[in-house]
$ cat coords.cif   # mmCIF, C-alpha atoms
data_upload
loop_
_atom_site.label_atom_id
_atom_site.label_comp_id
_atom_site.auth_asym_id
_atom_site.auth_seq_id
_atom_site.Cartn_x
_atom_site.Cartn_y
_atom_site.Cartn_z
CA MET Q 1391 -26.98 -58.79 -12.29
CA ILE Q 1392 -30.37 -60.45 -11.84
CA HIS Q 1393 -32.72 -60.16 -14.82
CA ALA Q 1394 -36.50 -60.44 -14.63
CA LYS Q 1395 -36.40 -63.76 -16.49
CA MET Q 1396 -34.43 -65.23 -13.57
CA ALA Q 1397 -36.58 -63.88 -10.73
CA LYS Q 1398 -39.12 -66.60 -10.04
CA PRO Q 1399 -42.01 -65.43 -7.82
CA ARG Q 1400 -44.04 -67.90 -5.76
CA ALA Q 1401 -47.08 -67.49 -3.48
CA PHE Q 1402 -47.42 -69.34 -0.16
CA PRO Q 1403 -51.03 -69.14 1.14
CA TRP Q 1404 -51.42 -69.65 4.89
CA ASN Q 1405 -54.88 -71.14 5.32
CA ASN Q 1406 -56.56 -74.29 4.04
CA ASP Q 1407 -54.86 -77.07 2.09
CA ARG Q 1408 -53.74 -74.88 -0.81
CA ASP Q 1409 -50.21 -75.56 -2.03
CA PRO Q 1410 -47.71 -72.82 -2.89
CA GLU Q 1411 -47.52 -72.02 -6.60
CA GLN Q 1412 -45.70 -69.76 -9.00
CA ILE Q 1413 -47.30 -66.43 -9.92
CA ASP Q 1414 -47.85 -66.23 -13.67
CA ARG Q 1415 -48.07 -63.28 -16.08
CA LEU Q 1416 -46.48 -60.79 -13.67
CA GLN Q 1417 -45.27 -57.59 -15.32
CA ASN Q 1418 -44.02 -55.64 -12.32
CA ILE Q 1419 -43.32 -56.30 -8.66
CA SER Q 1420 -41.95 -53.82 -6.15
CA GLY Q 1421 -41.59 -53.58 -2.40
CA ASP Q 1422 -40.77 -50.73 -0.04
CA GLN Q 1423 -40.07 -51.03 3.66
CA THR Q 1424 -40.32 -48.13 6.09
CA LEU Q 1425 -38.35 -48.82 9.26
CA ASN Q 1426 -40.37 -46.29 11.34
CA ARG Q 1427 -37.49 -45.09 13.47
CA GLU Q 1428 -37.90 -41.92 15.51
CA LYS Q 1429 -35.04 -39.83 16.88
CA ILE Q 1430 -35.15 -39.28 20.67
CA TYR Q 1431 -33.76 -36.22 22.44
CA GLU Q 1432 -33.79 -34.92 26.00
CA ILE Q 1433 -33.60 -31.48 27.56
CA GLY Q 1434 -30.04 -30.66 28.56
CA ARG Q 1435 -28.36 -32.97 26.06
CA VAL Q 1436 -26.64 -31.77 22.92
CA GLY Q 1437 -27.29 -34.24 20.18
CA ARG Q 1438 -29.46 -37.32 19.84
CA LEU Q 1439 -30.21 -39.59 22.82
CA GLY Q 1440 -31.12 -42.58 20.65
CA PHE Q 1441 -33.79 -44.05 18.41
CA LYS Q 1442 -37.28 -45.38 19.08
CA LYS Q 1443 -37.70 -48.38 16.76
CA ASP Q 1444 -41.33 -48.98 15.93
CA THR Q 1445 -42.69 -51.97 14.01
CA PRO Q 1446 -41.70 -51.53 10.35
CA SER Q 1447 -44.29 -51.25 7.61
CA PHE Q 1448 -43.97 -52.81 4.20
CA SER Q 1449 -45.85 -52.22 0.96
CA TYR Q 1450 -45.78 -54.66 -1.94
CA SER Q 1451 -47.29 -54.00 -5.34
CA ALA Q 1452 -47.68 -56.33 -8.30
CA THR Q 1453 -49.22 -56.06 -11.76
CA GLU Q 1454 -50.37 -59.03 -13.82
CA PHE Q 1455 -51.70 -59.28 -17.33
CA GLU Q 1456 -55.25 -60.58 -17.17
CA TYR Q 1457 -55.14 -64.15 -18.46
CA GLY Q 1458 -58.35 -65.70 -17.19
CA SER Q 1459 -56.90 -67.67 -14.29
CA MET Q 1460 -58.31 -67.63 -10.76
CA ALA Q 1461 -55.04 -69.00 -9.32
CA PHE Q 1462 -53.68 -65.82 -7.74
CA TRP Q 1463 -57.14 -64.78 -6.55
CA TYR Q 1464 -57.46 -68.10 -4.72
CA ASP Q 1465 -53.94 -67.62 -3.32
CA LEU Q 1466 -54.94 -64.24 -1.91
CA ALA Q 1467 -58.13 -65.70 -0.45
CA ASN Q 1468 -56.30 -68.82 0.86
CA LYS Q 1469 -59.03 -70.81 -0.87
CA GLU Q 1470 -58.67 -74.27 -2.37
CA ASP Q 1471 -59.66 -74.84 -5.98
CA PRO Q 1472 -63.41 -75.47 -5.74
CA GLY Q 1473 -64.90 -78.77 -6.73
CA SER Q 1474 -68.21 -79.52 -8.37
CA GLY Q 1475 -71.10 -77.96 -6.48
CA GLU Q 1476 -68.89 -75.61 -4.46
CA ASP Q 1477 -68.84 -71.82 -4.72
CA GLN Q 1478 -66.63 -70.99 -7.68
CA TYR Q 1479 -65.86 -67.39 -6.84
CA ILE Q 1480 -64.26 -65.13 -4.30
CA ASP Q 1481 -65.64 -61.89 -2.91
CA LEU Q 1482 -64.19 -59.16 -0.73
CA ASP Q 1483 -65.19 -60.91 2.50
CA ASP Q 1484 -62.81 -63.74 1.55
CA LEU Q 1485 -59.89 -61.30 1.87
CA ASP Q 1486 -60.55 -59.87 5.35
CA GLU Q 1487 -58.05 -61.84 7.43
CA THR Q 1488 -56.13 -63.93 4.91
CA LYS Q 1489 -52.34 -63.88 4.80
CA MET Q 1490 -49.75 -65.26 2.44
CA ASP Q 1491 -46.02 -65.07 1.81
CA ILE Q 1492 -44.38 -64.30 -1.52
CA ALA Q 1493 -40.85 -65.41 -2.28
CA ALA Q 1494 -38.74 -64.71 -5.35
CA PHE Q 1495 -35.88 -67.10 -6.14
CA LEU Q 1496 -33.06 -65.09 -7.74
CA THR Q 1497 -30.42 -66.31 -10.22
CA ASP Q 1498 -27.90 -64.01 -11.92
CA ASP Q 1499 -26.84 -63.77 -15.57
CA ASP Q 1500 -24.06 -66.30 -14.96
CA ASP Q 1501 -26.70 -68.83 -13.89
CA THR Q 1502 -25.53 -68.66 -10.28
CA PHE Q 1503 -28.28 -68.87 -7.69
CA ARG Q 1504 -27.99 -65.81 -5.45
CA GLY Q 1505 -30.71 -66.42 -2.90
CA THR Q 1506 -34.32 -65.68 -1.99
CA ILE Q 1507 -36.08 -62.46 -1.21
CA TRP Q 1508 -39.00 -63.30 1.06
CA PHE Q 1509 -42.04 -61.17 1.88
CA PRO Q 1510 -43.90 -62.72 4.84
CA LYS Q 1511 -47.40 -62.13 6.23
CA LEU Q 1512 -48.74 -60.11 3.31
CA ARG Q 1513 -52.36 -58.95 3.45
CA VAL Q 1514 -54.54 -57.42 0.75
CA ASN Q 1515 -54.81 -53.64 1.02
CA GLY Q 1516 -56.54 -53.17 -2.34
CA PHE Q 1517 -56.45 -54.08 -6.01
CA SER Q 1518 -57.57 -52.78 -9.38
CA ILE Q 1519 -58.70 -53.98 -12.80
CA ASN Q 1520 -57.79 -51.65 -15.64
CA ILE Q 1521 -58.74 -51.49 -19.31
CA ALA Q 1522 -56.75 -48.45 -20.39
CA ASP Q 1523 -58.04 -48.09 -23.96
CA PRO Q 1524 -59.77 -50.12 -26.68
CA ASP Q 1525 -56.45 -51.66 -27.82
CA ALA Q 1526 -55.01 -52.29 -24.35
CA ILE Q 1527 -54.05 -55.48 -22.59
CA ILE Q 1528 -56.31 -55.86 -19.58
CA GLU Q 1529 -54.31 -55.61 -16.36
CA ARG Q 1530 -54.91 -56.39 -12.72
CA SER Q 1531 -52.78 -54.76 -10.01
CA PHE Q 1532 -52.47 -55.65 -6.34
CA ASP Q 1533 -51.58 -53.58 -3.28
CA LEU Q 1534 -50.36 -55.79 -0.42
CA ILE Q 1535 -49.01 -54.77 2.97
CA GLY Q 1536 -46.94 -56.38 5.72
CA GLU Q 1537 -44.18 -55.48 8.13
CA ASP Q 1538 -40.97 -56.99 6.82
CA TYR Q 1539 -39.01 -58.61 4.08
CA LYS Q 1540 -36.14 -61.06 4.55
CA MET Q 1541 -33.11 -61.98 2.42
CA LEU Q 1542 -31.77 -65.53 2.33
CA ASP Q 1543 -28.24 -65.18 0.97
CA GLY Q 1544 -27.53 -68.13 -1.32
CA LYS Q 1545 -30.37 -70.15 0.23
CA TYR Q 1546 -33.93 -71.10 -0.59
CA LEU Q 1547 -37.15 -70.58 1.30
CA ALA Q 1548 -38.35 -74.18 1.69
CA PHE Q 1549 -41.82 -75.48 2.44
CA GLN Q 1550 -43.25 -78.80 3.54
CA LYS Q 1551 -46.79 -79.86 4.33
CA ALA Q 1552 -48.37 -82.90 5.99
CA THR Q 1553 -51.73 -84.00 7.34
CA ALA Q 1554 -52.03 -85.35 10.88
CA ALA Q 1555 -53.40 -88.86 11.40
CA GLY Q 1556 -53.26 -88.69 15.20
CA ALA Q 1557 -52.25 -86.57 18.18
CA SER Q 1558 -48.65 -86.25 17.04
CA LEU Q 1559 -47.14 -85.62 13.62
CA ALA Q 1560 -43.47 -86.18 12.69
CA MET Q 1561 -42.22 -84.57 9.48
CA VAL Q 1562 -38.79 -85.46 8.11
CA LEU Q 1563 -37.85 -82.31 6.22
CA SER Q 1564 -36.54 -82.71 2.71
CA PRO Q 1565 -34.48 -80.86 1.69
CA ALA Q 1566 -32.72 -80.52 5.05
CA ALA Q 1567 -33.20 -77.37 7.09
CA VAL Q 1568 -30.25 -74.96 7.39
CA GLU Q 1569 -29.52 -73.10 10.61
CA PHE Q 1570 -30.34 -69.38 10.16
CA ALA Q 1571 -29.45 -68.27 13.72
CA SER Q 1572 -27.85 -69.99 16.68
CA GLY Q 1573 -29.97 -73.10 17.29
CA ASP Q 1574 -32.77 -71.90 15.00
CA TYR Q 1575 -33.79 -73.89 11.93
CA ILE Q 1576 -37.53 -73.36 11.44
CA PHE Q 1577 -38.99 -69.99 10.50
CA ARG Q 1578 -42.64 -70.84 11.07
CA VAL Q 1579 -45.02 -73.74 11.67
CA LEU Q 1580 -48.70 -73.28 10.80
CA ARG Q 1581 -51.59 -75.54 11.68
CA VAL Q 1582 -54.86 -75.46 9.76
CA ARG Q 1583 -57.80 -76.93 11.65
CA SER Q 1584 -61.36 -76.69 10.31
CA GLY Q 1585 -60.48 -73.65 8.24
CA VAL Q 1586 -58.72 -71.81 11.07
CA VAL Q 1587 -54.97 -71.22 10.76
CA SER Q 1588 -52.76 -70.91 13.86
CA GLU Q 1589 -49.07 -70.10 14.13
CA LEU Q 1590 -47.58 -72.70 16.48
CA VAL Q 1591 -45.01 -72.01 19.21
CA GLU Q 1592 -41.66 -73.76 19.41
CA THR Q 1593 -41.23 -76.15 22.39
CA THR Q 1594 -44.90 -75.70 23.39
CA ASP Q 1595 -46.33 -77.00 20.09
CA TRP Q 1596 -43.36 -78.28 18.09
CA THR Q 1597 -39.73 -79.36 18.33
CA PHE Q 1598 -37.03 -79.89 15.74
CA VAL Q 1599 -34.07 -82.28 15.82
CA SER Q 1600 -31.45 -81.13 13.32
CA GLY Q 1601 -29.53 -84.43 13.34
CA THR Q 1602 -32.49 -86.28 11.84
CA ASN Q 1603 -34.17 -83.26 10.18
CA THR Q 1604 -37.34 -84.21 12.05
CA LEU Q 1605 -40.02 -81.69 12.96
CA THR Q 1606 -42.48 -83.04 15.54
CA ILE Q 1607 -45.83 -81.34 16.13
CA THR Q 1608 -47.93 -82.23 19.16
CA GLY Q 1609 -51.53 -81.50 20.12
CA CYS Q 1610 -52.86 -82.46 16.70
CA VAL Q 1611 -56.25 -83.86 15.79
CA VAL Q 1612 -56.91 -86.06 12.79
CA GLY Q 1613 -57.10 -83.97 9.63
CA ASP Q 1614 -54.94 -81.07 10.83
CA VAL Q 1615 -52.84 -79.66 7.99
CA VAL Q 1616 -49.37 -78.60 9.12
CA LYS Q 1617 -47.18 -76.28 7.05
CA ALA Q 1618 -43.50 -75.71 7.81
CA PHE Q 1619 -41.38 -72.85 6.44
CA TYR Q 1620 -37.60 -73.05 6.72
CA MET Q 1621 -34.30 -72.35 4.92
CA SER Q 1622 -32.53 -74.90 2.72
CA SER Q 1623 -29.50 -75.19 0.46
CA THR Q 1624 -31.51 -76.69 -2.41
CA ALA Q 1625 -34.97 -75.89 -3.71
CA TYR Q 1626 -37.86 -77.84 -2.19
CA THR Q 1627 -39.57 -78.01 -5.59
CA THR Q 1628 -39.16 -76.90 -9.20
CA THR Q 1629 -39.08 -73.14 -8.85
CA TRP Q 1630 -40.54 -72.34 -12.28
CA THR Q 1631 -42.44 -74.11 -15.07
CA ASP Q 1632 -43.44 -72.15 -18.19
CA ASN Q 1633 -47.23 -71.86 -18.37
CA ASP Q 1634 -48.05 -72.36 -22.04
CA VAL Q 1635 -51.61 -73.53 -21.38
CA ASP Q 1636 -53.34 -70.30 -20.32
CA PRO Q 1637 -53.56 -67.30 -22.67
CA ALA Q 1638 -50.57 -64.96 -22.74
CA CYS Q 1639 -52.95 -62.06 -22.06
CA LEU Q 1640 -56.51 -60.95 -22.70
CA LEU Q 1641 -57.29 -57.80 -24.68
CA ALA Q 1642 -59.75 -54.96 -24.26
CA GLN Q 1643 -61.63 -56.09 -27.36
CA TYR Q 1644 -62.39 -59.37 -25.58
CA ALA Q 1645 -64.31 -57.56 -22.81
CA GLU Q 1646 -68.02 -56.92 -22.58
CA ILE Q 1647 -69.38 -54.38 -20.09
CA ARG Q 1648 -72.99 -54.81 -19.02
CA ILE Q 1649 -75.03 -52.72 -16.61
CA LYS Q 1650 -78.43 -53.29 -15.07
CA VAL Q 1651 -80.77 -50.60 -13.88
CA GLY Q 1652 -84.10 -52.31 -14.24
CA THR Q 1653 -83.02 -54.08 -17.44
CA ASP Q 1654 -79.73 -55.66 -18.55
CA THR Q 1655 -77.94 -53.40 -21.03
CA ARG Q 1656 -74.54 -53.58 -22.71
CA ILE Q 1657 -72.57 -50.30 -22.69
CA TYR Q 1658 -70.99 -49.29 -25.99
CA ARG Q 1659 -68.45 -46.62 -27.02
CA LEU Q 1660 -66.43 -47.13 -23.83
CA GLN Q 1661 -62.84 -45.88 -23.95
CA THR Q 1662 -61.58 -46.83 -20.49
CA VAL Q 1663 -62.86 -49.00 -17.66
CA GLY Q 1664 -61.36 -49.04 -14.20
CA ILE Q 1665 -62.27 -50.95 -11.05
CA ASP Q 1666 -60.43 -49.88 -7.90
CA VAL Q 1667 -60.85 -51.64 -4.56
CA ALA Q 1668 -59.52 -50.04 -1.36
CA PHE Q 1669 -59.60 -51.60 2.11
CA ASP Q 1670 -59.56 -49.62 5.34
CA ARG Q 1671 -57.54 -52.21 7.22
CA ALA Q 1672 -57.79 -52.84 10.97
CA ASP Q 1673 -54.49 -54.58 11.78
CA TYR Q 1674 -53.50 -54.08 15.41
CA LYS Q 1675 -50.63 -54.82 17.76
CA GLU Q 1676 -50.85 -55.36 21.52
CA ILE Q 1677 -48.96 -54.14 24.57
CA GLY Q 1678 -45.98 -56.38 25.23
CA ASN Q 1679 -45.62 -57.48 21.60
CA SER Q 1680 -44.02 -55.80 18.59
CA GLU Q 1681 -45.94 -57.95 16.09
CA VAL Q 1682 -49.36 -57.41 14.54
CA VAL Q 1683 -51.72 -59.84 16.29
CA GLN Q 1684 -55.18 -58.95 14.94
CA TYR Q 1685 -56.21 -58.63 11.32
CA GLY Q 1686 -59.38 -57.25 9.82
CA ILE Q 1687 -60.99 -54.63 7.61
CA ASN Q 1688 -63.14 -51.74 8.79
CA ASP Q 1689 -64.53 -50.81 5.41
CA LYS Q 1690 -64.30 -51.69 1.72
CA THR Q 1691 -64.73 -49.24 -1.15
CA VAL Q 1692 -65.20 -50.31 -4.76
CA THR Q 1693 -64.97 -47.50 -7.30
CA VAL Q 1694 -65.87 -48.02 -10.96
CA SER Q 1695 -64.79 -45.48 -13.58
CA LEU Q 1696 -66.30 -45.46 -17.09
CA ASN Q 1697 -65.17 -43.14 -19.86
CA ARG Q 1698 -66.98 -43.01 -23.21
CA PHE Q 1699 -67.52 -40.89 -26.29
CA SER Q 1700 -71.00 -39.41 -26.25
CA GLU Q 1701 -73.47 -39.45 -29.13
CA ASN Q 1702 -76.45 -38.62 -26.97
CA PHE Q 1703 -77.45 -39.09 -23.35
CA ALA Q 1704 -77.47 -42.90 -23.56
CA LEU Q 1705 -75.41 -43.48 -20.42
CA GLU Q 1706 -77.50 -41.04 -18.43
CA ASP Q 1707 -80.64 -42.78 -19.70
CA ILE Q 1708 -79.28 -46.05 -18.32
CA LEU Q 1709 -78.50 -44.54 -14.92
CA ALA Q 1710 -81.87 -42.85 -14.62
CA SER Q 1711 -84.29 -44.69 -12.42
CA ASP Q 1712 -87.28 -43.30 -14.30
CA THR Q 1713 -87.23 -42.84 -18.08
CA THR Q 1714 -90.92 -42.09 -18.53
CA TYR Q 1715 -90.16 -38.50 -19.55
CA PRO Q 1716 -87.25 -37.09 -21.62
CA TYR Q 1717 -86.03 -35.15 -18.61
CA ILE Q 1718 -82.89 -36.48 -16.88
CA ASP Q 1719 -81.95 -35.15 -13.45
CA PRO Q 1720 -78.71 -36.65 -12.02
CA ARG Q 1721 -80.13 -36.17 -8.53
CA ASP Q 1722 -82.58 -38.93 -9.37
CA PHE Q 1723 -80.08 -41.48 -10.67
CA ALA Q 1724 -80.59 -45.04 -9.44
CA GLU Q 1725 -78.82 -46.23 -6.28
CA ASN Q 1726 -78.76 -50.00 -6.77
CA ILE Q 1727 -76.94 -50.40 -10.08
CA GLN Q 1728 -75.33 -53.71 -11.10
CA LEU Q 1729 -72.29 -53.99 -13.36
CA GLN Q 1730 -70.59 -56.93 -15.08
CA VAL Q 1731 -67.13 -56.91 -16.64
CA LEU Q 1732 -67.08 -60.13 -18.65
CA ILE Q 1733 -63.82 -61.14 -20.33
CA TYR Q 1734 -63.70 -63.72 -23.11
CA GLY Q 1735 -60.90 -65.53 -24.90
CA GLU Q 1736 -61.44 -63.86 -28.26
CA LYS Q 1737 -63.05 -60.84 -29.92
CA GLU Q 1738 -66.16 -62.85 -30.85
CA HIS Q 1739 -66.97 -63.15 -27.13
CA THR Q 1740 -67.52 -66.90 -27.30
CA ASN Q 1741 -65.32 -68.58 -24.69
CA PHE Q 1742 -65.74 -66.97 -21.29
CA GLN Q 1743 -62.53 -66.68 -19.27
CA ILE Q 1744 -63.10 -64.56 -16.15
CA GLY Q 1745 -65.35 -61.78 -14.93
CA TYR Q 1746 -66.22 -59.31 -12.22
CA LEU Q 1747 -69.67 -58.52 -10.77
CA ILE Q 1748 -70.40 -55.44 -8.69
CA THR Q 1749 -73.82 -54.77 -7.19
CA GLY Q 1750 -75.26 -51.94 -5.12
CA LEU Q 1751 -73.49 -49.27 -7.15
CA SER Q 1752 -74.42 -45.62 -6.83
CA PRO Q 1753 -73.10 -42.81 -9.07
CA THR Q 1754 -70.76 -40.40 -7.28
CA THR Q 1755 -69.52 -38.14 -10.08
CA ILE Q 1756 -70.67 -37.43 -13.61
CA GLY Q 1757 -68.38 -35.46 -15.90
CA THR Q 1758 -68.20 -34.13 -19.43
CA SER Q 1759 -65.28 -32.69 -21.37
CA GLN Q 1760 -65.03 -30.97 -24.71
CA ASP Q 1761 -61.63 -30.20 -26.21
CA ILE Q 1762 -61.12 -28.18 -29.35
CA GLN Q 1763 -61.08 -30.28 -32.49
CA ALA Q 1764 -62.18 -33.34 -30.50
CA TYR Q 1765 -65.32 -35.30 -29.76
CA ASN Q 1766 -67.22 -34.87 -26.53
CA GLN Q 1767 -66.45 -37.36 -23.77
CA ARG Q 1768 -68.49 -38.39 -20.76
CA THR Q 1769 -67.18 -39.87 -17.53
CA VAL Q 1770 -69.00 -41.50 -14.67
CA ALA Q 1771 -67.76 -42.86 -11.35
CA LEU Q 1772 -69.84 -45.26 -9.29
CA GLU Q 1773 -69.22 -46.64 -5.82
CA SER Q 1774 -70.12 -49.79 -3.92
CA ASP Q 1775 -68.71 -52.02 -1.20
CA ASN Q 1776 -68.80 -55.44 -2.84
CA LEU Q 1777 -67.28 -57.31 -5.76
CA ARG Q 1778 -67.34 -60.91 -6.93
CA ILE Q 1779 -64.68 -62.58 -9.11
CA SER Q 1780 -65.22 -65.87 -10.95
CA ASP Q 1781 -64.27 -67.88 -14.02
CA ASN Q 1782 -67.76 -69.40 -14.02
CA ILE Q 1783 -70.16 -67.00 -15.75
CA SER Q 1784 -73.16 -68.41 -13.90
CA GLU Q 1785 -71.66 -67.04 -10.65
CA LEU Q 1786 -71.81 -63.52 -12.09
CA ALA Q 1787 -75.47 -63.38 -13.07
CA PHE Q 1788 -77.45 -60.22 -12.38
CA SER Q 1789 -80.05 -60.57 -9.67
#

$ encode --input "coords.cif" --output "structure tokens"
Amino acid sequence: MIHAKMAKPRAFPWNNDRDPEQIDRLQNISGDQTLNREKIYEIGRVGRLGFKKDTPSFSYSATEFEYGSMAFWYDLANKEDPGSGEDQYIDLDDLDETKMDIAAFLTDDDDTFRGTIWFPKLRVNGFSINIADPDAIIERSFDLIGEDYKMLDGKYLAFQKATAAGASLAMVLSPAAVEFASGDYIFRVLRVRSGVVSELVETTDWTFVSGTNTLTITGCVVGDVVKAFYMSSTAYTTTWTDNDVDPACLLAQYAEIRIKVGTDTRIYRLQTVGIDVAFDRADYKEIGNSEVVQYGINDKTVTVSLNRFSENFALEDILASDTTYPYIDPRDFAENIQLQVLIYGEKEHTNFQIGYLITGLSPTTIGTSQDIQAYNQRTVALESDNLRISDNISELAFS
């Protein structure tokens, strides 16, 4: 049996010079593969002729406690940790074409390593930020998609990276690569050049000599970052280190919700806050190839849901674009609303940890409910197509 405490998840971003790293504060991970097989028949035959095997589809979901770290966001965006003077945020455009792998290293209750479950070529299909109630732990959930998952029985997914200093780069793999099929040792070789990642082709772009464990990449230019993925009998790095530096989690009482329609206003009496991001992905195959070869997003939808107890029409007053008269018509609500979800490290709201900024919001539904023996509640849903995430509060300022 493999317990959660012995399943050690790790993210492997494709682009830029970002190293793989463990995924902290995960509460749930799940994956489902659909093999997309279609039965084939013909007129005159009793029974099935065969199967049409289409490209599989894979969905991967993960939920993290919010803990103020940008690490997994940067993994998803394939973005290096920013330095001084660089943009210290990601937005939805950073997630259009990015890919990453996730691997979980599995050890059973007898402390016997059982192998790796590997989810390659994952792309972001959506995500959400949820504050379920005033006493809740803030959570962030991710919806990722791909085509496959792989199982390495008793072996590790290994990774090695190097930077080219000339036209050719030789990498001696350590730990040694293990043959996974007849004559095959290397799963994938990526080259990152000026922010563009390419999957290299064996023989044309690279060769591997198993006797010396040497991977040779040709056609390089100075500064190319090369990443190799392969199978090994021992781990290429420490698979898990307890993170006792970041907070265990961040609570609803640490959050501050601010909205701007003309003026910056904090919203009080909120009971739930939800941010849901959905991508209409444009990932395409080509004739003569069973793999997805083009990645993109047609459209992005950001939906914000706010639920509060009502004392008066305060929320409607905020959404109204004109408050000159005490007459509120939802048809006249503003169409360029800005919203901040700012999360601090304590209930005094002193040490900022991480936040989310959404601009260009427009209300889509306004609701009210009144149950017997209960206080009146108001709900509002707003929609936009952009969102910014940062652990630097200056990056989340209202315009």

$ resolve_selection --input "coords.cif" --expression "the PyMOL selection byres ((chain Q and resi 1639-1653) around 8)" --output "ChimeraX atom specification"
/Q:1415,1455-1458,1521,1523-1528,1637-1638,1654-1658,1708-1711,1724,1726-1739,1788

$ resolve_selection --input "coords.cif" --expression "the PyMOL selection byres ((chain Q and resi 1419) around 7)" --output "VMD selection string"
chain Q and resid 1418 1420 1451 to 1453

$ residues_around --input "coords.cif" --residues "Leu1696 in chain Q" --least-positions-apart "2" --cutoff "12 Å" --atoms "all atoms listed in the file" --output "MDAnalysis selection string"
chainID Q and resid 1520:1523 1647:1649 1657:1666 1693:1694 1698:1700 1705 1729 1731 1753:1758 1767:1773

$ atom_distance --input "coords.cif" --atom1 "CA of Thr1629 in chain Q" --atom2 "CA of Asn1405 in chain Q"
21.3 Å

$ resolve_selection --input "coords.cif" --expression "the PyMOL selection byres ((chain Q and resi 1602) around 12)" --output "PyMOL selection string"
chain Q and resi 1560-1567+1597-1601+1603-1606

$ residues_around --input "coords.cif" --residues "Arg1408 in chain Q" --least-positions-apart "3" --cutoff "10 Å" --atoms "all atoms listed in the file" --output "count of residues only"
12

$ atom_distance --input "coords.cif" --atom1 "CA of Phe1577 in chain Q" --atom2 "CA of Ile1392 in chain Q"
25.8 Å

$ residues_near_point --input "coords.cif" --point "(-68.5, -55.4, -6.7)" --cutoff "6 Å" --atoms "all atoms listed in the file" --output "list in words"
Leu1747, Ile1748, Thr1749, Asn1776, Leu1777 and Arg1778 of chain Q

$ atom_distance --input "coords.cif" --atom1 "CA of Asp1595 in chain Q" --atom2 "CA of Glu1569 in chain Q"
19.7 Å

$ build_atoms --input "coords.cif" --residues "range 1673-1677 of chain Q" --atoms "all heavy atoms" --output "short mmCIF file (atom, residue, chain, number, x, y, z; two decimals), keeping the file's coordinate frame"
data_model
loop_
_atom_site.label_atom_id
_atom_site.label_comp_id
_atom_site.auth_asym_id
_atom_site.auth_seq_id
_atom_site.Cartn_x
_atom_site.Cartn_y
_atom_site.Cartn_z
N ASP Q 1673 -55.54 -53.65 11.34
CA ASP Q 1673 -54.49 -54.58 11.78
C ASP Q 1673 -53.83 -53.97 13.01
O ASP Q 1673 -53.26 -52.88 12.94
CB ASP Q 1673 -53.45 -54.79 10.68
CG ASP Q 1673 -54.05 -55.45 9.43
OD1 ASP Q 1673 -55.15 -56.03 9.54
OD2 ASP Q 1673 -53.42 -55.39 8.37
N TYR Q 1674 -53.90 -54.67 14.14
CA TYR Q 1674 -53.50 -54.08 15.41
C TYR Q 1674 -52.43 -54.91 16.11
O TYR Q 1674 -52.38 -56.13 16.00
CB TYR Q 1674 -54.71 -53.96 16.34
CG TYR Q 1674 -55.81 -53.08 15.79
CD1 TYR Q 1674 -57.07 -53.60 15.51
CD2 TYR Q 1674 -55.59 -51.73 15.55
CE1 TYR Q 1674 -58.08 -52.80 15.01
CE2 TYR Q 1674 -56.59 -50.92 15.05
CZ TYR Q 1674 -57.84 -51.45 14.78
OH TYR Q 1674 -58.83 -50.66 14.27
N LYS Q 1675 -51.60 -54.20 16.87
CA LYS Q 1675 -50.63 -54.82 17.76
C LYS Q 1675 -51.23 -54.90 19.17
O LYS Q 1675 -52.39 -54.56 19.39
CB LYS Q 1675 -49.33 -54.02 17.76
CG LYS Q 1675 -48.63 -53.99 16.41
CD LYS Q 1675 -47.34 -53.19 16.47
CE LYS Q 1675 -47.63 -51.70 16.63
NZ LYS Q 1675 -46.40 -50.88 16.57
N GLU Q 1676 -50.42 -55.32 20.13
CA GLU Q 1676 -50.85 -55.36 21.52
C GLU Q 1676 -49.68 -54.96 22.41
O GLU Q 1676 -48.51 -55.03 22.00
CB GLU Q 1676 -51.33 -56.77 21.90
CG GLU Q 1676 -50.22 -57.82 21.85
CD GLU Q 1676 -50.68 -59.20 22.24
OE1 GLU Q 1676 -51.82 -59.33 22.70
OE2 GLU Q 1676 -49.88 -60.16 22.09
N ILE Q 1677 -50.00 -54.50 23.60
CA ILE Q 1677 -48.96 -54.14 24.57
C ILE Q 1677 -48.16 -55.39 24.93
O ILE Q 1677 -48.72 -56.45 25.20
CB ILE Q 1677 -49.58 -53.51 25.83
CG1 ILE Q 1677 -50.20 -52.15 25.46
CG2 ILE Q 1677 -48.54 -53.34 26.94
CD1 ILE Q 1677 -50.98 -51.51 26.59
#
